[in-house]
$ cat work08.cif   # mmCIF, C-alpha atoms and all ligand atoms
data_structure
loop_
_atom_site.label_atom_id
_atom_site.label_comp_id
_atom_site.auth_asym_id
_atom_site.auth_seq_id
_atom_site.Cartn_x
_atom_site.Cartn_y
_atom_site.Cartn_z
CA MET A 1 25.07 -42.70 -88.56
CA ARG A 2 28.78 -43.51 -88.77
CA THR A 3 30.48 -45.89 -86.37
CA VAL A 4 31.54 -43.74 -83.46
CA GLU A 5 35.24 -42.86 -83.31
CA VAL A 6 36.86 -44.72 -80.43
CA THR A 7 38.97 -42.03 -78.74
CA ASP A 8 41.42 -42.88 -75.95
CA ASP A 9 38.84 -41.76 -73.38
CA LEU A 10 36.11 -43.87 -74.92
CA GLN A 11 38.46 -46.85 -75.11
CA ALA A 12 39.27 -46.42 -71.40
CA TYR A 13 35.53 -46.35 -70.69
CA LEU A 14 35.03 -49.56 -72.68
CA ASP A 15 38.02 -51.18 -70.96
CA GLY A 16 36.29 -50.50 -67.65
CA LEU A 17 33.28 -52.53 -68.76
CA VAL A 18 35.03 -55.60 -70.12
CA PRO A 19 34.65 -58.69 -67.88
CA THR A 20 37.47 -59.38 -65.41
CA ARG A 21 39.67 -62.20 -66.61
CA ASP A 22 40.87 -65.10 -64.50
CA ALA A 23 44.54 -65.86 -63.85
CA VAL A 24 45.03 -67.96 -67.01
CA LEU A 25 43.64 -65.40 -69.46
CA ALA A 26 45.33 -62.53 -67.61
CA ARG A 27 48.72 -64.26 -67.86
CA MET A 28 48.15 -64.99 -71.56
CA GLU A 29 47.32 -61.33 -72.18
CA GLU A 30 50.54 -60.28 -70.46
CA GLU A 31 52.58 -62.79 -72.47
CA ALA A 32 50.93 -61.71 -75.71
CA ASP A 33 51.72 -58.10 -74.92
CA ARG A 34 55.33 -58.83 -73.98
CA GLU A 35 56.08 -61.25 -76.83
CA GLY A 36 53.94 -59.77 -79.59
CA ILE A 37 51.65 -62.81 -79.86
CA PRO A 38 48.60 -61.80 -81.93
CA ILE A 39 45.51 -62.57 -79.83
CA VAL A 40 41.93 -61.30 -80.08
CA GLU A 41 42.19 -59.44 -76.75
CA PRO A 42 39.44 -59.25 -74.11
CA HIS A 43 36.69 -57.24 -75.88
CA GLU A 44 36.64 -59.55 -78.87
CA GLY A 45 37.27 -62.59 -76.67
CA SER A 46 34.15 -61.85 -74.68
CA LEU A 47 32.20 -61.29 -77.89
CA LEU A 48 33.32 -64.70 -79.18
CA TYR A 49 32.30 -66.21 -75.84
CA LEU A 50 28.85 -64.63 -76.06
CA LEU A 51 28.25 -65.50 -79.71
CA VAL A 52 29.14 -69.15 -79.10
CA LYS A 53 26.94 -69.20 -76.01
CA ILE A 54 23.96 -67.53 -77.70
CA ALA A 55 24.26 -69.87 -80.69
CA GLY A 56 24.40 -72.87 -78.35
CA ALA A 57 27.47 -74.09 -80.25
CA LYS A 58 29.14 -77.19 -78.82
CA ARG A 59 31.57 -78.30 -81.55
CA ILE A 60 33.92 -75.50 -82.45
CA LEU A 61 36.46 -75.29 -85.24
CA GLU A 62 39.24 -72.69 -85.23
CA LEU A 63 41.86 -71.79 -87.82
CA GLY A 64 44.78 -70.09 -86.07
CA THR A 65 45.27 -71.16 -82.44
CA ALA A 66 48.31 -69.10 -81.41
CA THR A 67 48.58 -69.92 -77.68
CA GLY A 68 44.89 -70.72 -77.19
CA TYR A 69 43.49 -67.40 -75.95
CA SER A 70 40.46 -67.16 -78.26
CA GLY A 71 39.99 -70.92 -77.92
CA ILE A 72 39.59 -70.64 -74.15
CA TRP A 73 36.96 -67.89 -74.52
CA MET A 74 35.00 -70.01 -77.02
CA LEU A 75 35.30 -73.21 -74.99
CA ARG A 76 33.92 -71.35 -71.98
CA GLY A 77 31.03 -70.11 -74.11
CA SER A 78 30.31 -73.64 -75.31
CA GLY A 79 29.55 -74.90 -71.78
CA GLY A 80 31.13 -78.35 -72.07
CA GLY A 81 31.83 -78.37 -75.81
CA THR A 82 34.96 -79.22 -77.80
CA LEU A 83 37.47 -77.27 -79.89
CA THR A 84 39.42 -78.48 -82.92
CA THR A 85 42.04 -75.87 -83.77
CA TYR A 86 44.86 -75.54 -86.31
CA GLU A 87 48.29 -74.04 -85.70
CA THR A 88 51.45 -74.47 -87.81
CA ASP A 89 53.89 -73.02 -85.27
CA HIS A 90 55.12 -75.88 -83.04
CA ASP A 91 56.07 -73.71 -80.06
CA ARG A 92 52.70 -71.94 -80.07
CA ALA A 93 50.83 -75.23 -80.44
CA GLN A 94 52.67 -76.65 -77.42
CA ARG A 95 51.95 -73.56 -75.37
CA ALA A 96 48.29 -73.72 -76.42
CA ARG A 97 48.05 -77.32 -75.20
CA ALA A 98 49.53 -76.31 -71.84
CA ASN A 99 47.17 -73.32 -71.57
CA PHE A 100 44.12 -75.41 -72.47
CA GLY A 101 45.17 -77.89 -69.79
CA GLU A 102 45.57 -75.15 -67.19
CA ALA A 103 42.14 -73.75 -68.09
CA GLY A 104 40.57 -77.19 -67.56
CA PHE A 105 40.18 -77.99 -71.27
CA GLY A 106 42.99 -80.53 -71.63
CA LYS A 107 40.60 -83.12 -73.04
CA ALA A 108 38.18 -80.75 -74.81
CA ALA A 109 40.75 -79.04 -77.06
CA ILE A 110 42.53 -80.76 -79.95
CA VAL A 111 45.41 -78.73 -81.38
CA LEU A 112 46.32 -79.92 -84.87
CA GLU A 113 49.81 -78.88 -85.98
CA GLU A 114 49.09 -78.56 -89.67
CA ASN A 115 48.39 -76.02 -92.39
CA ALA A 116 44.69 -75.30 -91.85
CA LYS A 117 43.76 -75.61 -95.53
CA ASP A 118 45.49 -78.98 -95.93
CA GLY A 119 43.92 -80.20 -92.71
CA LEU A 120 40.42 -79.03 -93.66
CA GLU A 121 40.60 -80.85 -97.00
CA LYS A 122 40.59 -84.15 -95.10
CA LEU A 123 38.95 -83.21 -91.78
CA GLU A 124 35.94 -85.31 -90.87
CA GLY A 125 33.22 -84.21 -88.50
CA ARG A 126 30.64 -81.47 -88.30
CA PHE A 127 30.80 -78.22 -86.35
CA ASP A 128 28.41 -75.65 -84.86
CA ALA A 129 30.82 -72.72 -85.00
CA CYS A 130 34.02 -71.79 -86.81
CA PHE A 131 36.45 -68.96 -86.09
CA ILE A 132 38.95 -68.07 -88.82
CA ASP A 133 41.88 -66.10 -87.43
CA LEU A 134 44.45 -66.35 -90.21
CA LEU A 135 42.83 -64.82 -93.29
CA ASN A 136 45.92 -62.74 -93.92
CA SER A 137 48.19 -65.79 -94.14
CA PHE A 138 46.83 -67.24 -97.38
CA LYS A 139 48.84 -66.95 -100.57
CA SER A 140 45.91 -65.93 -102.78
CA GLU A 141 42.24 -64.97 -102.89
CA GLU A 142 41.57 -68.35 -104.53
CA ILE A 143 42.93 -70.16 -101.45
CA THR A 144 40.84 -67.85 -99.27
CA ARG A 145 37.74 -68.81 -101.27
CA ARG A 146 38.58 -72.52 -101.01
CA VAL A 147 39.06 -72.30 -97.22
CA LEU A 148 35.72 -70.53 -96.84
CA GLU A 149 33.99 -73.30 -98.83
CA LEU A 150 35.73 -76.00 -96.79
CA CYS A 151 34.53 -74.36 -93.57
CA ILE A 152 30.95 -74.03 -94.82
CA GLU A 153 30.95 -77.70 -95.91
CA ARG A 154 31.84 -78.70 -92.35
CA LEU A 155 29.28 -76.48 -90.63
CA GLU A 156 25.74 -77.45 -89.71
CA GLY A 157 22.76 -75.38 -90.84
CA GLY A 158 22.35 -72.59 -88.31
CA ALA A 159 26.06 -72.62 -87.45
CA LEU A 160 28.13 -69.55 -86.74
CA LEU A 161 31.02 -68.54 -89.00
CA MET A 162 33.33 -65.81 -87.71
CA ALA A 163 36.54 -64.29 -89.05
CA ASP A 164 38.93 -61.82 -87.46
CA ASN A 165 40.60 -58.75 -88.96
CA ALA A 166 37.68 -58.14 -91.31
CA LEU A 167 38.66 -54.47 -91.61
CA ARG A 168 42.41 -54.99 -91.91
CA GLN A 169 43.02 -51.56 -90.36
CA GLY A 170 40.97 -50.01 -93.14
CA GLU A 171 43.06 -51.52 -95.94
CA VAL A 172 40.04 -53.45 -97.25
CA ILE A 173 38.75 -50.29 -98.94
CA ALA A 174 41.64 -50.24 -101.44
CA PRO A 175 43.59 -53.44 -100.89
CA LYS A 176 47.21 -53.22 -102.04
CA ASN A 177 48.88 -56.20 -100.39
CA GLN A 178 47.89 -59.87 -100.50
CA GLN A 179 46.70 -59.88 -96.88
CA ALA A 180 44.23 -57.06 -97.50
CA LYS A 181 43.16 -58.62 -100.82
CA ASN A 182 42.33 -61.88 -99.00
CA VAL A 183 40.24 -60.10 -96.39
CA ALA A 184 38.41 -57.98 -98.98
CA ALA A 185 37.70 -61.13 -101.03
CA TYR A 186 36.44 -62.94 -97.91
CA ASN A 187 34.08 -60.09 -97.01
CA GLN A 188 32.65 -60.03 -100.54
CA LEU A 189 32.24 -63.80 -100.61
CA VAL A 190 30.40 -63.80 -97.28
CA ALA A 191 28.18 -60.88 -98.34
CA LYS A 192 27.12 -62.63 -101.57
CA HIS A 193 27.19 -66.29 -100.55
CA PRO A 194 23.80 -67.98 -101.03
CA ARG A 195 24.28 -70.06 -97.86
CA LEU A 196 25.36 -67.22 -95.57
CA GLU A 197 23.84 -64.19 -93.91
CA GLY A 198 26.40 -61.99 -92.22
CA VAL A 199 27.62 -58.66 -90.93
CA VAL A 200 30.98 -57.08 -90.08
CA ILE A 201 31.16 -55.82 -86.51
CA PRO A 202 33.67 -52.95 -86.24
CA ILE A 203 35.17 -54.18 -82.97
CA ARG A 204 38.98 -53.92 -82.73
CA ASP A 205 40.16 -54.78 -86.30
CA GLY A 206 36.70 -55.99 -87.36
CA LEU A 207 34.92 -59.29 -86.75
CA SER A 208 32.95 -60.87 -89.59
CA VAL A 209 29.97 -62.78 -88.16
CA ALA A 210 27.79 -64.96 -90.36
CA ARG A 211 25.19 -67.68 -89.97
CA VAL A 212 24.97 -70.69 -92.24
CA LYS A 213 21.43 -70.94 -93.56
CA ASP A 214 19.44 -74.08 -92.68
C1 LIG B 301 46.23 -64.23 -85.27
S1 LIG B 301 46.99 -65.66 -84.70
C2 LIG B 301 45.70 -66.52 -83.85
C3 LIG B 301 45.31 -65.88 -82.55
C4 LIG B 301 44.33 -66.69 -81.73
N1 LIG B 301 43.15 -67.01 -82.49
C5 LIG B 301 43.94 -65.94 -80.47
O1 LIG B 301 43.23 -64.93 -80.60
O2 LIG B 301 44.36 -66.34 -79.39
C6 LIG B 301 47.14 -66.62 -86.17
C7 LIG B 301 47.89 -67.93 -85.95
O3 LIG B 301 47.74 -68.71 -87.12
C8 LIG B 301 48.93 -69.42 -87.37
N2 LIG B 301 48.91 -69.74 -88.81
C9 LIG B 301 49.21 -68.92 -89.86
N3 LIG B 301 48.96 -69.53 -91.03
C10 LIG B 301 48.49 -70.77 -90.72
C11 LIG B 301 48.01 -71.85 -91.50
N4 LIG B 301 47.98 -71.79 -92.84
N5 LIG B 301 47.55 -72.95 -90.86
C12 LIG B 301 47.55 -73.02 -89.49
N6 LIG B 301 48.00 -72.02 -88.70
C13 LIG B 301 48.45 -70.91 -89.31
C14 LIG B 301 50.04 -68.46 -86.94
O4 LIG B 301 51.21 -69.17 -86.58
C15 LIG B 301 49.39 -67.73 -85.76
O5 LIG B 301 49.79 -68.28 -84.52
#
$ encode --input "work08.cif" --output "structure tokens"
Amino acid sequence: MRTVEVTDDLQAYLDGLVPTRDAVLARMEEEADREGIPIVEPHEGSLLYLLVKIAGAKRILELGTATGYSGIWMLRGSGGGTLTTYETDHDRAQRARANFGEAGFGKAAIVLEENAKDGLEKLEGRFDACFIDLLNSFKSEEITRRVLELCIERLEGGALLMADNALRQGEVIAPKNQQAKNVAAYNQLVAKHPRLEGVVIPIRDGLSVARVKD
């Protein structure tokens, strides 16, 4: 059976089921809407929260912080865990720090203002979950492949590896631009990687979810 088409009515139905957000997340959603900040939005945010919680992940790595929206969902799912997250945009990184503080995660979240690939090459530490939310920013499929390997190297056996925009609005079928080529390459790499078992969930623009084998 095909994935059901999400009509406006069905979307409204789903919107009625999504958990109510607190003041911090609600404000961030409004700001994202007004300023065009690319966030995962509440359906995917609550999925990230649940996946982290179900996996029992405590040490979370994120590539692409923006203003900290997805980070707050994952930190809540971790129940006392930590987040190490990369963001190159100074203004967004500063806003993320303020938002993490307001959400009670001032000490739990470390926002690194650095190109994620450069940072990962030298990052020490092990993680239980990783969320990649900047696949479309890489300059080539080769860099995409390298970033995937760097993430896997830093993940424990049994860890969760997630990546956003796995469908790239359908462009992955016949990728024409570099962004779509990166995502298509990532999906293939995850599907064939000997250390991963994964699936693409067609939520919003697609969430790739994989588990690192023990
Ligand atoms: C889609 S947004 C992240 C949204 C965030 N995960 C959320 O849902 O709240 C991607 C972010 O990655 C940042 N970015 C892009 N390329 C980057 C890179 N190579 N290293 C670190 N950050 C990068 C962008 O500035 C942007 O804020």
$ closest_residue --input "work08.cif" --among "A:Arg21, A:Lys58, A:Arg34, A:His90" --to "ligand LIG 301 (chain B)" --atoms "all atoms listed in the file"
A:His90
$ atom_distance --input "work08.cif" --atom1 "atom CA of A:Asp91" --atom2 "atom CA of A:Glu62"
17.6 Å
$ residues_around --input "work08.cif" --residues "stretch 125-139 of chain A" --least-positions-apart "4" --cutoff "7 Å" --atoms "all atoms listed in the file" --output "MDAnalysis selection string"
chainID A and resid 57:64 143:144 154:156 159:164 179:180 182:183
$ closest_residue --input "work08.cif" --among "A:Glu35, A:Leu167, A:Thr84, A:Pro42" --to "A:Val199" --atoms "all atoms listed in the file"
A:Leu167
$ closest_atom_pairs --input "work08.cif" --of "chain A" --to "ligand LIG 301 (chain B)" --cutoff "7 Å" --atoms "only C-alpha atoms and all ligand atoms" --output "CSV"
residue,atom,partner,partner_atom,distance
A:Pro38,CA,B:LIG301,C1,4.8
A:Ile39,CA,B:LIG301,O1,3.4
A:Val40,CA,B:LIG301,O1,3.9
A:Glu41,CA,B:LIG301,O1,6.8
A:Leu63,CA,B:LIG301,C12,6.1
A:Gly64,CA,B:LIG301,O3,3.4
A:Thr65,CA,B:LIG301,C4,4.6
A:Ala66,CA,B:LIG301,O5,3.5
A:Thr67,CA,B:LIG301,O2,5.8
A:Gly68,CA,B:LIG301,O2,4.9
A:Tyr69,CA,B:LIG301,O2,3.7
A:Ser70,CA,B:LIG301,O2,4.1
A:Gly71,CA,B:LIG301,O2,6.5
A:Tyr86,CA,B:LIG301,C12,4.9
A:Glu87,CA,B:LIG301,N6,3.6
A:Thr88,CA,B:LIG301,N6,4.3
A:Asp89,CA,B:LIG301,O4,4.9
A:Arg92,CA,B:LIG301,O5,6.5
A:Glu114,CA,B:LIG301,C12,5.8
A:Asn115,CA,B:LIG301,N5,3.5
A:Ala116,CA,B:LIG301,N5,3.8
A:Lys117,CA,B:LIG301,N4,6.3
A:Asp133,CA,B:LIG301,N1,5.2
A:Leu134,CA,B:LIG301,C6,4.9
A:Ser137,CA,B:LIG301,N3,4.9
A:Phe138,CA,B:LIG301,N4,6.5
$ write_last_selection --input "work08.cif" --atoms "C-alpha atoms" --output "tab-separated table (two decimals), in the coordinates of the input"
chain	number	residue	atom	x	y	z
A	38	PRO	CA	48.60	-61.80	-81.93
A	39	ILE	CA	45.51	-62.57	-79.83
A	40	VAL	CA	41.93	-61.30	-80.08
A	41	GLU	CA	42.19	-59.44	-76.75
A	63	LEU	CA	41.86	-71.79	-87.82
A	64	GLY	CA	44.78	-70.09	-86.07
A	65	THR	CA	45.27	-71.16	-82.44
A	66	ALA	CA	48.31	-69.10	-81.41
A	67	THR	CA	48.58	-69.92	-77.68
A	68	GLY	CA	44.89	-70.72	-77.19
A	69	TYR	CA	43.49	-67.40	-75.95
A	70	SER	CA	40.46	-67.16	-78.26
A	71	GLY	CA	39.99	-70.92	-77.92
A	86	TYR	CA	44.86	-75.54	-86.31
A	87	GLU	CA	48.29	-74.04	-85.70
A	88	THR	CA	51.45	-74.47	-87.81
A	89	ASP	CA	53.89	-73.02	-85.27
A	92	ARG	CA	52.70	-71.94	-80.07
A	114	GLU	CA	49.09	-78.56	-89.67
A	115	ASN	CA	48.39	-76.02	-92.39
A	116	ALA	CA	44.69	-75.30	-91.85
A	117	LYS	CA	43.76	-75.61	-95.53
A	133	ASP	CA	41.88	-66.10	-87.43
A	134	LEU	CA	44.45	-66.35	-90.21
A	137	SER	CA	48.19	-65.79	-94.14
A	138	PHE	CA	46.83	-67.24	-97.38
$ closest_residue --input "work08.cif" --among "A:Arg211, A:Lys107, A:Arg168, A:Lys192" --to "A:Ala55" --atoms "only C-alpha atoms"
A:Arg211
$ closest_residue --input "work08.cif" --among "A:Val190, A:Arg95, A:Ala109, A:Thr3" --to "A:Leu83" --atoms "only C-alpha atoms"
A:Ala109
$ closest_residue --input "work08.cif" --among "A:Glu29, A:Asp205, A:Glu197, A:Glu141" --to "A:Glu171" --atoms "all atoms listed in the file"
A:Asp205
$ atom_distance --input "work08.cif" --atom1 "atom CA of A:Thr85" --atom2 "atom CA of A:Ile110"
6.2 Å
$ atom_distance --input "work08.cif" --atom1 "atom CA of A:Lys53" --atom2 "atom CA of A:Met74"
8.2 Å
$ closest_residue --input "work08.cif" --among "A:Glu5, A:Glu142, A:Asp15, A:Glu121" --to "A:Gln178" --atoms "only C-alpha atoms"
A:Glu142
$ residues_near_point --input "work08.cif" --point "(35.3, -63.9, -106.5)" --cutoff "9 Å" --atoms "all atoms listed in the file" --output "tab-separated table (two decimals) with C-alpha atoms, in the coordinates of the input"
chain	number	residue	atom	x	y	z
A	141	GLU	CA	42.24	-64.97	-102.89
A	142	GLU	CA	41.57	-68.35	-104.53
A	145	ARG	CA	37.74	-68.81	-101.27
A	185	ALA	CA	37.70	-61.13	-101.03
A	186	TYR	CA	36.44	-62.94	-97.91
A	188	GLN	CA	32.65	-60.03	-100.54
A	189	LEU	CA	32.24	-63.80	-100.61
$ build_atoms --input "work08.cif" --residues "stretch 65-101 of chain A" --atoms "N, CA and C atoms" --output "PDB file, keeping the file's coordinate frame"
ATOM      1  N   THR A  65      45.383 -70.984 -83.891  1.00  0.00           N
ATOM      2  CA  THR A  65      45.270 -71.160 -82.440  1.00  0.00           C
ATOM      3  C   THR A  65      46.077 -70.121 -81.670  1.00  0.00           C
ATOM      4  N   ALA A  66      47.267 -69.803 -82.178  1.00  0.00           N
ATOM      5  CA  ALA A  66      48.310 -69.100 -81.410  1.00  0.00           C
ATOM      6  C   ALA A  66      48.513 -69.853 -80.090  1.00  0.00           C
ATOM      7  N   THR A  67      48.341 -69.210 -78.949  1.00  0.00           N
ATOM      8  CA  THR A  67      48.580 -69.920 -77.680  1.00  0.00           C
ATOM      9  C   THR A  67      47.276 -70.319 -76.979  1.00  0.00           C
ATOM     10  N   GLY A  68      46.151 -70.188 -77.716  1.00  0.00           N
ATOM     11  CA  GLY A  68      44.890 -70.720 -77.190  1.00  0.00           C
ATOM     12  C   GLY A  68      43.963 -69.715 -76.534  1.00  0.00           C
ATOM     13  N   TYR A  69      44.283 -68.431 -76.653  1.00  0.00           N
ATOM     14  CA  TYR A  69      43.490 -67.400 -75.950  1.00  0.00           C
ATOM     15  C   TYR A  69      42.033 -67.382 -76.439  1.00  0.00           C
ATOM     16  N   SER A  70      41.832 -67.198 -77.737  1.00  0.00           N
ATOM     17  CA  SER A  70      40.460 -67.160 -78.260  1.00  0.00           C
ATOM     18  C   SER A  70      39.770 -68.501 -78.038  1.00  0.00           C
ATOM     19  N   GLY A  71      40.550 -69.589 -78.125  1.00  0.00           N
ATOM     20  CA  GLY A  71      39.990 -70.920 -77.920  1.00  0.00           C
ATOM     21  C   GLY A  71      39.389 -71.074 -76.531  1.00  0.00           C
ATOM     22  N   ILE A  72      40.091 -70.535 -75.533  1.00  0.00           N
ATOM     23  CA  ILE A  72      39.590 -70.640 -74.150  1.00  0.00           C
ATOM     24  C   ILE A  72      38.281 -69.856 -74.003  1.00  0.00           C
ATOM     25  N   TRP A  73      38.215 -68.666 -74.579  1.00  0.00           N
ATOM     26  CA  TRP A  73      36.960 -67.890 -74.520  1.00  0.00           C
ATOM     27  C   TRP A  73      35.808 -68.707 -75.150  1.00  0.00           C
ATOM     28  N   MET A  74      36.074 -69.289 -76.326  1.00  0.00           N
ATOM     29  CA  MET A  74      35.000 -70.010 -77.020  1.00  0.00           C
ATOM     30  C   MET A  74      34.614 -71.287 -76.281  1.00  0.00           C
ATOM     31  N   LEU A  75      35.622 -71.994 -75.750  1.00  0.00           N
ATOM     32  CA  LEU A  75      35.300 -73.210 -74.990  1.00  0.00           C
ATOM     33  C   LEU A  75      34.443 -72.873 -73.780  1.00  0.00           C
ATOM     34  N   ARG A  76      34.740 -71.763 -73.130  1.00  0.00           N
ATOM     35  CA  ARG A  76      33.920 -71.350 -71.980  1.00  0.00           C
ATOM     36  C   ARG A  76      32.492 -71.055 -72.425  1.00  0.00           C
ATOM     37  N   GLY A  77      32.362 -70.416 -73.591  1.00  0.00           N
ATOM     38  CA  GLY A  77      31.030 -70.110 -74.110  1.00  0.00           C
ATOM     39  C   GLY A  77      30.245 -71.363 -74.475  1.00  0.00           C
ATOM     40  N   SER A  78      30.981 -72.412 -74.835  1.00  0.00           N
ATOM     41  CA  SER A  78      30.310 -73.640 -75.310  1.00  0.00           C
ATOM     42  C   SER A  78      29.733 -74.461 -74.166  1.00  0.00           C
ATOM     43  N   GLY A  79      30.111 -74.172 -72.935  1.00  0.00           N
ATOM     44  CA  GLY A  79      29.550 -74.900 -71.780  1.00  0.00           C
ATOM     45  C   GLY A  79      29.685 -76.414 -71.913  1.00  0.00           C
ATOM     46  N   GLY A  80      30.909 -76.892 -72.002  1.00  0.00           N
ATOM     47  CA  GLY A  80      31.130 -78.350 -72.070  1.00  0.00           C
ATOM     48  C   GLY A  80      31.385 -78.858 -73.473  1.00  0.00           C
ATOM     49  N   GLY A  81      31.593 -77.959 -74.437  1.00  0.00           N
ATOM     50  CA  GLY A  81      31.830 -78.370 -75.810  1.00  0.00           C
ATOM     51  C   GLY A  81      33.297 -78.696 -76.099  1.00  0.00           C
ATOM     52  N   THR A  82      33.591 -78.853 -77.388  1.00  0.00           N
ATOM     53  CA  THR A  82      34.960 -79.220 -77.800  1.00  0.00           C
ATOM     54  C   THR A  82      35.481 -78.209 -78.819  1.00  0.00           C
ATOM     55  N   LEU A  83      36.806 -78.171 -78.930  1.00  0.00           N
ATOM     56  CA  LEU A  83      37.470 -77.270 -79.890  1.00  0.00           C
ATOM     57  C   LEU A  83      38.476 -78.076 -80.695  1.00  0.00           C
ATOM     58  N   THR A  84      38.392 -77.932 -82.028  1.00  0.00           N
ATOM     59  CA  THR A  84      39.420 -78.480 -82.920  1.00  0.00           C
ATOM     60  C   THR A  84      40.086 -77.276 -83.558  1.00  0.00           C
ATOM     61  N   THR A  85      41.398 -77.117 -83.353  1.00  0.00           N
ATOM     62  CA  THR A  85      42.040 -75.870 -83.770  1.00  0.00           C
ATOM     63  C   THR A  85      43.381 -76.134 -84.447  1.00  0.00           C
ATOM     64  N   TYR A  86      43.658 -75.350 -85.500  1.00  0.00           N
ATOM     65  CA  TYR A  86      44.860 -75.540 -86.310  1.00  0.00           C
ATOM     66  C   TYR A  86      45.923 -74.491 -86.012  1.00  0.00           C
ATOM     67  N   GLU A  87      47.168 -74.955 -85.910  1.00  0.00           N
ATOM     68  CA  GLU A  87      48.290 -74.040 -85.700  1.00  0.00           C
ATOM     69  C   GLU A  87      49.549 -74.669 -86.320  1.00  0.00           C
ATOM     70  N   THR A  88      50.243 -73.931 -87.166  1.00  0.00           N
ATOM     71  CA  THR A  88      51.450 -74.470 -87.810  1.00  0.00           C
ATOM     72  C   THR A  88      52.705 -74.299 -86.954  1.00  0.00           C
ATOM     73  N   ASP A  89      52.701 -73.325 -86.057  1.00  0.00           N
ATOM     74  CA  ASP A  89      53.890 -73.020 -85.270  1.00  0.00           C
ATOM     75  C   ASP A  89      53.972 -73.989 -84.076  1.00  0.00           C
ATOM     76  N   HIS A  90      55.027 -74.819 -84.052  1.00  0.00           N
ATOM     77  CA  HIS A  90      55.120 -75.880 -83.040  1.00  0.00           C
ATOM     78  C   HIS A  90      55.140 -75.316 -81.615  1.00  0.00           C
ATOM     79  N   ASP A  91      55.944 -74.286 -81.405  1.00  0.00           N
ATOM     80  CA  ASP A  91      56.070 -73.710 -80.060  1.00  0.00           C
ATOM     81  C   ASP A  91      54.714 -73.182 -79.572  1.00  0.00           C
ATOM     82  N   ARG A  92      54.017 -72.464 -80.460  1.00  0.00           N
ATOM     83  CA  ARG A  92      52.700 -71.940 -80.070  1.00  0.00           C
ATOM     84  C   ARG A  92      51.709 -73.075 -79.796  1.00  0.00           C
ATOM     85  N   ALA A  93      51.758 -74.100 -80.634  1.00  0.00           N
ATOM     86  CA  ALA A  93      50.830 -75.230 -80.440  1.00  0.00           C
ATOM     87  C   ALA A  93      51.067 -75.881 -79.087  1.00  0.00           C
ATOM     88  N   GLN A  94      52.348 -76.049 -78.714  1.00  0.00           N
ATOM     89  CA  GLN A  94      52.670 -76.650 -77.420  1.00  0.00           C
ATOM     90  C   GLN A  94      52.188 -75.773 -76.265  1.00  0.00           C
ATOM     91  N   ARG A  95      52.393 -74.490 -76.420  1.00  0.00           N
ATOM     92  CA  ARG A  95      51.950 -73.560 -75.370  1.00  0.00           C
ATOM     93  C   ARG A  95      50.420 -73.567 -75.266  1.00  0.00           C
ATOM     94  N   ALA A  96      49.762 -73.671 -76.427  1.00  0.00           N
ATOM     95  CA  ALA A  96      48.290 -73.720 -76.420  1.00  0.00           C
ATOM     96  C   ALA A  96      47.818 -74.947 -75.653  1.00  0.00           C
ATOM     97  N   ARG A  97      48.460 -76.092 -75.906  1.00  0.00           N
ATOM     98  CA  ARG A  97      48.050 -77.320 -75.200  1.00  0.00           C
ATOM     99  C   ARG A  97      48.192 -77.137 -73.690  1.00  0.00           C
ATOM    100  N   ALA A  98      49.306 -76.529 -73.281  1.00  0.00           N
ATOM    101  CA  ALA A  98      49.530 -76.310 -71.840  1.00  0.00           C
ATOM    102  C   ALA A  98      48.470 -75.339 -71.295  1.00  0.00           C
ATOM    103  N   ASN A  99      48.173 -74.295 -72.043  1.00  0.00           N
ATOM    104  CA  ASN A  99      47.170 -73.320 -71.570  1.00  0.00           C
ATOM    105  C   ASN A  99      45.774 -73.940 -71.500  1.00  0.00           C
ATOM    106  N   PHE A 100      45.430 -74.731 -72.510  1.00  0.00           N
ATOM    107  CA  PHE A 100      44.120 -75.410 -72.470  1.00  0.00           C
ATOM    108  C   PHE A 100      44.044 -76.312 -71.231  1.00  0.00           C
ATOM    109  N   GLY A 101      45.137 -77.011 -70.965  1.00  0.00           N
ATOM    110  CA  GLY A 101      45.170 -77.890 -69.790  1.00  0.00           C
ATOM    111  C   GLY A 101      44.959 -77.087 -68.519  1.00  0.00           C
TER     112      GLY A 101
END
